[in-house]
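J.: Before we start, here is the structure in question, set down as structure tokens.
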Amino acid sequence: MSASAAARVPPRSLWQGRSLVLAGIVLSAFTLRTAVTSLTPLLDGLGREFGFGPTMTGVLGMVPTAAFAVFGVLTPAIAHRLGLERAALTAMALAALGLLARAFAGDTAQLLAASAVALAGMGMGNVVLPPLVKRYFADRLGAVSSTYITVLQLGTILPALAAVPMAQAAGWRVSLGSWSLVAVAAALPWIAALWMERYGRSAQARTLAAAHDRAVGSGDEAPELAAPASTGRVWRAPLAWGMALMFGMTSLITYSMFTWLPKLLVEAGGSAALGGSMVALFSTLGLVAALALPALAVRIANPFPVVLACVAMYLAGFAGLLWAPMTATVLWVALLGLGPSTFPLSLTLINLRTRSQAGSAALSGFMQGLGYTISCLGPLLFGWLHERSHGWALPFGFLSLCLVVLAIGGYLACRPRMLEDQW
């Protein structure tokens with residue numbers, strides 16, 4: 001169908017025509033973190049079940065960032081061939097398969113492999129959902145983007161809250177496998193939308209087909225993910241390295257806490273349910289930061305004081321969990337939850353520190369590719385240091401050194417200058 005088909009779509013059907021895509025985006029966004037926070041509150045019990053120790057717990061904790069880094073690189077090529085919509089469907093199918101397979105894992109290797117499959121799908125979803133929002137909802141970009149971010153955070157919070165109660169009521173296999181139903185539900189709107197775009201004859205189908213045809217080009221089903229030509233080399237810019245370090249250290253600490261906070265609290269005398277609820281609280285404060293930081297960052301020429309405040313909150317949370325984990329636990333975890341405010345700050349600075357689409361795309365790819373690669377080390381090293389020292393002082397010492405790197409990266413990233421002037 002040609003782009004002129006849009007003019008023949010009745011205005012009343014314009015929103016209805018995109019409702020399937022909106023449902024797919026919302027349900028897919030909810031799915032993108034379920035494999036992470038549905039597992040971490042259960043890792044202590046699974047370690048006893050399968051006989052693995054802190055090092056393997058760290059390996060399981062590093063799989064999410066490794067998958068996000070790898071599929072951040074691979075997904076554009078997949079999407080150019082399949083199209084954004086089919087790539088989204090593939091992502092949800094992989095997520096559903098991996099989440100379901102975890103419920104039938106018979107040993108550590110099977111649990112690890114199933115987690116990798118689920119997180120591969122979620123890594124693909126990370127890449128394809130934002131351009132889908134822009135393709136179909138350019139006229140409602142702010143509202144749909146806010147909904148997408150909010151639902152993604154809810155998909156981080158709710159599995160952490162439900163993991164232990166569901167495991168206690170029905171067993172850990174049901175607790176892990178039940179989230180595959182959400183991924184299956186997320187796949188259904190994409191199946192329906194693809195069918196309607198190809199075979200539908202209704203006004204709703206014409207709306208979807210017109211939006212698709214306007215976006216794609218000859219031989220490229222995902223031009224939104226094409227790497228624009230640039231006149232510079234991003235790795236030469238101190239700004240880019242600062243962004244990568246700030247983003248990478250934030251992700252490293254975040255996924256270390258996702259992985260190890262439940263075990264730390266259990267060893268301190270708390271229950272597994274407490275560990276899950278504190279992971280949920282940690283994630284909830286991330287939602288607050290995601291909603292507040294972008295608006296604040298655009299009003300401050302140099303937001304480095306925000307970075308220093310985040311470092312201070314991290315340090316206070318580390319100290320509290322190290323020396324008094326069962327006293328004011330909610331306070332320590334709340335401080336930790338506000339520390340990753342540097343994550344939405346990093347994403348906002350991508351556009352504030354570039355002049356062009358080419359610069360923005362280059363900076364985003366460098367920052368997230370290198371950042372997620374660095375962050376893979378966090379859960380693994382944190383667990384290895386805990387296993388070697390039989391305590392938490394060395395692991396928190398490691399994270400404190402990471403805060404120094406984060407502060408240096410933040411200093412380089414926050415100074416008011418443009419990437420194009422450095423590369």
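Labels used: A, B, ... for chains in the order of the structure tokens, numbers from 1 for residues in each chain, and numbers from 1 for ligands as shown.
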Write out as a VMD selection string the residues lying within 7 Å of range 295-302 of chain A, counting only C-alpha atoms and excluding same-chain residues fewer than 3 positions away.

T.: chain A and resid 292 345 414 to 416

J.: Using only C-alpha atoms, please write the residues we just selected to a file, as a short mmCIF file (atom, residue, chain, number, x, y, z; two decimals), in the first residue's frame.

T.:
```cif
data_model
loop_
_atom_site.label_atom_id
_atom_site.label_comp_id
_atom_site.auth_asym_id
_atom_site.auth_seq_id
_atom_site.Cartn_x
_atom_site.Cartn_y
_atom_site.Cartn_z
CA ALA A 292 12.10 13.15 37.17
CA LEU A 345 20.62 11.15 33.11
CA CYS A 414 28.29 16.55 32.15
CA ARG A 415 30.56 19.39 31.05
CA PRO A 416 28.57 21.57 28.59
#
```

J.: Could you give me, as a ChimeraX atom specification, each residue of range 160-403 of chain A that DSSP assigns to alpha helix (DSSP H) when run on this structure's backbone?

T.: /A:160-170,172-177,180-199,203-215,238-267,272-297,304-323,329-338,342-352,357-375,377-389,393-403

J.: Gly337 in chain A: which residues within 12 Å, counting only C-alpha atoms, same-chain residues fewer than 5 positions away excluded, as an mmCIF file with N, CA and C atoms, in the first residue's frame?

T.:
```cif
data_model
loop_
_atom_site.group_PDB
_atom_site.id
_atom_site.type_symbol
_atom_site.label_atom_id
_atom_site.label_comp_id
_atom_site.auth_asym_id
_atom_site.auth_seq_id
_atom_site.Cartn_x
_atom_site.Cartn_y
_atom_site.Cartn_z
ATOM 1 N N ILE A 157 9.502 -4.365 38.749
ATOM 2 C CA ILE A 157 9.089 -4.358 40.155
ATOM 3 C C ILE A 157 8.245 -5.580 40.515
ATOM 4 N N THR A 250 26.943 2.596 36.303
ATOM 5 C CA THR A 250 25.574 2.567 36.834
ATOM 6 C C THR A 250 24.945 1.199 36.605
ATOM 7 N N ILE A 253 26.580 -1.547 38.904
ATOM 8 C CA ILE A 253 26.104 -1.526 40.287
ATOM 9 C C ILE A 253 24.659 -2.005 40.357
ATOM 10 N N THR A 254 23.841 -1.560 39.401
ATOM 11 C CA THR A 254 22.426 -1.943 39.413
ATOM 12 C C THR A 254 22.254 -3.449 39.333
ATOM 13 N N TYR A 255 22.938 -4.094 38.391
ATOM 14 C CA TYR A 255 22.764 -5.533 38.232
ATOM 15 C C TYR A 255 23.477 -6.327 39.325
ATOM 16 N N MET A 257 23.326 -5.321 42.431
ATOM 17 C CA MET A 257 22.310 -5.272 43.490
ATOM 18 C C MET A 257 21.117 -6.172 43.167
ATOM 19 N N PHE A 258 20.682 -6.181 41.907
ATOM 20 C CA PHE A 258 19.616 -7.106 41.526
ATOM 21 C C PHE A 258 19.992 -8.540 41.912
ATOM 22 N N LEU A 261 21.484 -8.460 46.375
ATOM 23 C CA LEU A 261 20.753 -7.887 47.501
ATOM 24 C C LEU A 261 19.905 -8.920 48.239
ATOM 25 N N MET A 278 12.649 -5.971 48.699
ATOM 26 C CA MET A 278 13.647 -4.902 48.634
ATOM 27 C C MET A 278 14.172 -4.713 47.201
ATOM 28 N N VAL A 279 14.247 -5.788 46.425
ATOM 29 C CA VAL A 279 14.565 -5.627 44.998
ATOM 30 C C VAL A 279 13.467 -4.819 44.313
ATOM 31 N N ALA A 280 12.212 -5.076 44.702
ATOM 32 C CA ALA A 280 11.098 -4.303 44.138
ATOM 33 C C ALA A 280 11.193 -2.833 44.535
ATOM 34 N N LEU A 281 11.532 -2.551 45.792
ATOM 35 C CA LEU A 281 11.693 -1.160 46.223
ATOM 36 C C LEU A 281 12.831 -0.496 45.465
ATOM 37 N N PHE A 282 13.934 -1.202 45.317
ATOM 38 C CA PHE A 282 15.078 -0.698 44.563
ATOM 39 C C PHE A 282 14.647 -0.312 43.144
ATOM 40 N N SER A 283 13.831 -1.142 42.515
ATOM 41 C CA SER A 283 13.362 -0.868 41.158
ATOM 42 C C SER A 283 12.365 0.289 41.134
ATOM 43 N N THR A 284 11.525 0.386 42.153
ATOM 44 C CA THR A 284 10.517 1.440 42.206
ATOM 45 C C THR A 284 11.158 2.819 42.234
ATOM 46 N N LEU A 285 12.223 2.976 43.007
ATOM 47 C CA LEU A 285 12.906 4.266 43.049
ATOM 48 C C LEU A 285 13.535 4.597 41.698
ATOM 49 N N GLY A 286 13.909 3.569 40.940
ATOM 50 C CA GLY A 286 14.392 3.798 39.583
ATOM 51 C C GLY A 286 13.323 4.398 38.697
ATOM 52 N N LEU A 287 12.062 4.016 38.903
ATOM 53 C CA LEU A 287 10.950 4.602 38.147
ATOM 54 C C LEU A 287 10.809 6.079 38.467
ATOM 55 N N VAL A 288 10.916 6.436 39.745
ATOM 56 C CA VAL A 288 10.834 7.844 40.144
ATOM 57 C C VAL A 288 11.923 8.652 39.447
ATOM 58 N N ALA A 289 13.151 8.110 39.452
ATOM 59 C CA ALA A 289 14.264 8.811 38.815
ATOM 60 C C ALA A 289 14.045 8.941 37.315
ATOM 61 N N ALA A 290 13.520 7.887 36.685
ATOM 62 C CA ALA A 290 13.312 7.914 35.237
ATOM 63 C C ALA A 290 12.311 8.983 34.834
ATOM 64 N N CYS A 310 24.213 11.365 43.540
ATOM 65 C CA CYS A 310 23.967 9.932 43.358
ATOM 66 C C CYS A 310 25.089 9.110 43.994
ATOM 67 N N VAL A 311 26.336 9.541 43.819
ATOM 68 C CA VAL A 311 27.465 8.842 44.434
ATOM 69 C C VAL A 311 27.320 8.842 45.950
ATOM 70 N N MET A 313 24.546 9.026 47.706
ATOM 71 C CA MET A 313 23.460 8.111 48.098
ATOM 72 C C MET A 313 23.900 6.658 47.981
ATOM 73 N N TYR A 314 24.640 6.355 46.937
ATOM 74 C CA TYR A 314 25.196 5.006 46.821
ATOM 75 C C TYR A 314 26.053 4.668 48.044
ATOM 76 N N LEU A 315 26.970 5.560 48.396
ATOM 77 C CA LEU A 315 27.884 5.291 49.507
ATOM 78 C C LEU A 315 27.123 5.098 50.817
ATOM 79 N N ALA A 316 26.108 5.926 51.052
ATOM 80 C CA ALA A 316 25.312 5.778 52.271
ATOM 81 C C ALA A 316 24.582 4.437 52.281
ATOM 82 N N GLY A 317 24.046 4.047 51.127
ATOM 83 C CA GLY A 317 23.369 2.759 51.056
ATOM 84 C C GLY A 317 24.317 1.595 51.245
ATOM 85 N N PHE A 318 25.512 1.670 50.637
ATOM 86 C CA PHE A 318 26.514 0.620 50.835
ATOM 87 C C PHE A 318 26.888 0.486 52.305
ATOM 88 N N VAL A 330 14.906 -0.429 54.799
ATOM 89 C CA VAL A 330 14.174 0.301 53.762
ATOM 90 C C VAL A 330 14.920 1.577 53.375
ATOM 91 N N LEU A 331 15.492 2.257 54.363
ATOM 92 C CA LEU A 331 16.247 3.482 54.074
ATOM 93 C C LEU A 331 17.462 3.190 53.215
ATOM 94 N N TRP A 332 18.232 2.148 53.576
ATOM 95 C CA TRP A 332 19.438 1.841 52.799
ATOM 96 C C TRP A 332 19.086 1.489 51.360
ATOM 97 N N THR A 342 21.653 8.232 37.654
ATOM 98 C CA THR A 342 22.595 8.511 36.565
ATOM 99 C C THR A 342 22.259 7.725 35.292
ATOM 100 N N PHE A 343 21.401 6.721 35.393
ATOM 101 C CA PHE A 343 20.981 5.972 34.189
ATOM 102 C C PHE A 343 20.093 6.831 33.290
#
```

J.: Within 10 Å of range 110-121 of chain A, counting only C-alpha atoms, which residues qualify if same-chain residues fewer than 6 places away don't, as an MDAnalysis selection string?

T.: chainID A and resid 31:36 39 46 50 56 59:60 63:72 75 87:104 180 183

J.: Using only C-alpha atoms, which residue out of A:Thr373, A:Thr108, A:Thr327, A:Gln204 lies closest to Ala192 in chain A?

T.: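 Going through A:Thr373, A:Thr108, A:Thr327, A:Gln204 one by one, the smallest distance to Ala192 in chain A is for A:Gln204.
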
J.: Quick one: residues within 12 Å of Met196 in chain A, only C-alpha atoms counted, chain neighbours fewer than 3 positions away excluded, as a list of chain:residue names?

T.: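 Once the nearby chain positions are removed, what remains is A:Gly17, A:Arg18, A:Leu20, A:Val21, A:Pro189, A:Trp190, A:Ile191, A:Ala192, A:Ala193, A:Tyr199, A:Gly200, A:Arg201, A:Ser202, A:Ala203, A:Gln204, A:Ala205, A:Arg206, A:Thr207, A:Leu208, A:Ala209, A:Ala210, A:His212.
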
J.: Using only C-alpha atoms, which residue out of A:Leu401, A:Leu349, A:Ile25, A:Met122 lies closest to Gly242 in chain A?

T.: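 Selected residue with least distance to Gly242 in chain A: A:Leu349.
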
J.: Give me, as a list in words, all polymer residues having an atom no more than 10 Å from Gly275 in chain A, counting only C-alpha atoms and skipping those fewer than 5 positions away in the same chain.

T.: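 Surrounding residues, per the criterion: Thr40, Pro41, Leu42, Ala160, Leu161, Val164, Phe258, Trp260, Leu261, Pro262, Lys263, Leu264, Leu265, Val266, Gly270, Ala280 and Leu281 of chain A.
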
J.: Using only C-alpha atoms, which of the listed residues (A:Ala240, A:Ala319, A:Leu352, A:Met166) sits closest to Trp423 in chain A?

T.: A:Ala240

J.: Residues within 10 Å of Trp241 in chain A, please, as a VMD selection string. Count only C-alpha atoms; anything in the same chain fewer than 2 positions from it doesn't count.

T.: chain A and resid 234 to 239 243 to 247 363 366 to 367 370 to 371 408 to 410 412 to 413

J.: Quick one: write out the picked residues with N, CA and C atoms as a compact mmCIF listing (two decimals), in the first residue's frame?

T.:
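Output file result.txt is given in full below:
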```
# COMPACT_ATOMS: atom_id res chain seq x y z
N VAL A 234 33.75 8.46 17.14
CA VAL A 234 33.24 8.79 18.46
C VAL A 234 34.22 8.40 19.56
N TRP A 235 35.01 7.36 19.34
CA TRP A 235 35.91 6.89 20.40
C TRP A 235 37.04 7.87 20.67
N ARG A 236 37.19 8.88 19.83
CA ARG A 236 38.22 9.88 20.07
C ARG A 236 37.77 10.95 21.06
N ALA A 237 36.49 11.00 21.38
CA ALA A 237 35.94 12.09 22.19
C ALA A 237 35.94 11.73 23.67
N PRO A 238 36.56 12.55 24.53
CA PRO A 238 36.48 12.32 25.98
C PRO A 238 35.03 12.29 26.47
N LEU A 239 34.17 13.09 25.86
CA LEU A 239 32.75 13.08 26.23
C LEU A 239 32.16 11.68 26.08
N MET A 243 30.54 9.30 29.00
CA MET A 243 29.18 8.75 28.95
C MET A 243 29.20 7.24 29.14
N ALA A 244 30.14 6.56 28.45
CA ALA A 244 30.21 5.11 28.55
C ALA A 244 30.56 4.67 29.97
N LEU A 245 31.47 5.38 30.62
CA LEU A 245 31.85 5.01 31.98
C LEU A 245 30.72 5.26 32.97
N MET A 246 30.04 6.39 32.83
CA MET A 246 28.93 6.67 33.73
C MET A 246 27.81 5.66 33.54
N PHE A 247 27.44 5.39 32.30
CA PHE A 247 26.39 4.41 32.01
C PHE A 247 26.81 3.02 32.44
N LEU A 363 26.83 8.29 19.51
CA LEU A 363 27.08 8.36 20.95
C LEU A 363 26.29 7.30 21.70
N PHE A 366 27.92 3.79 21.09
CA PHE A 366 29.18 3.66 21.82
C PHE A 366 28.93 3.53 23.32
N MET A 367 28.08 4.40 23.85
CA MET A 367 27.82 4.41 25.29
C MET A 367 27.19 3.09 25.76
N LEU A 370 29.67 -0.24 24.91
CA LEU A 370 30.78 -0.36 25.85
C LEU A 370 30.29 -0.44 27.29
N GLY A 371 29.24 0.34 27.60
CA GLY A 371 28.74 0.36 28.97
C GLY A 371 28.21 -0.98 29.43
N ILE A 408 34.24 10.12 37.71
CA ILE A 408 35.12 10.62 36.65
C ILE A 408 34.37 10.67 35.32
N GLY A 409 33.65 9.59 35.02
CA GLY A 409 32.85 9.57 33.79
C GLY A 409 31.79 10.66 33.79
N GLY A 410 31.14 10.85 34.93
CA GLY A 410 30.13 11.90 35.03
C GLY A 410 30.70 13.29 34.81
N LEU A 412 33.30 14.06 32.94
CA LEU A 412 33.56 14.21 31.51
C LEU A 412 32.27 14.36 30.71
N ALA A 413 31.22 13.64 31.14
CA ALA A 413 29.97 13.64 30.38
C ALA A 413 29.14 14.90 30.61
```

J.: Using only C-alpha atoms, which of A:Gly248, A:Pro159, A:Gly61, A:Gly232 sits nearest Gly276 in chain A?

T.: A:Pro159

J.: Between A:Leu27, A:Leu377, A:Leu74, A:Val128, which residue has the minimum interatomic distance to Ala187 in chain A, considering only C-alpha atoms?

T.: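 Among the listed residues, A:Leu27 lies closest to Ala187 in chain A.
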
J.: Smallest atom-to-atom distance to Ala227 in chain A: which of A:Gln422, A:Ser346, A:Gly391, A:Val73, using only C-alpha atoms?

T.: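 Closest to Ala227 in chain A of all the choices is A:Val73.
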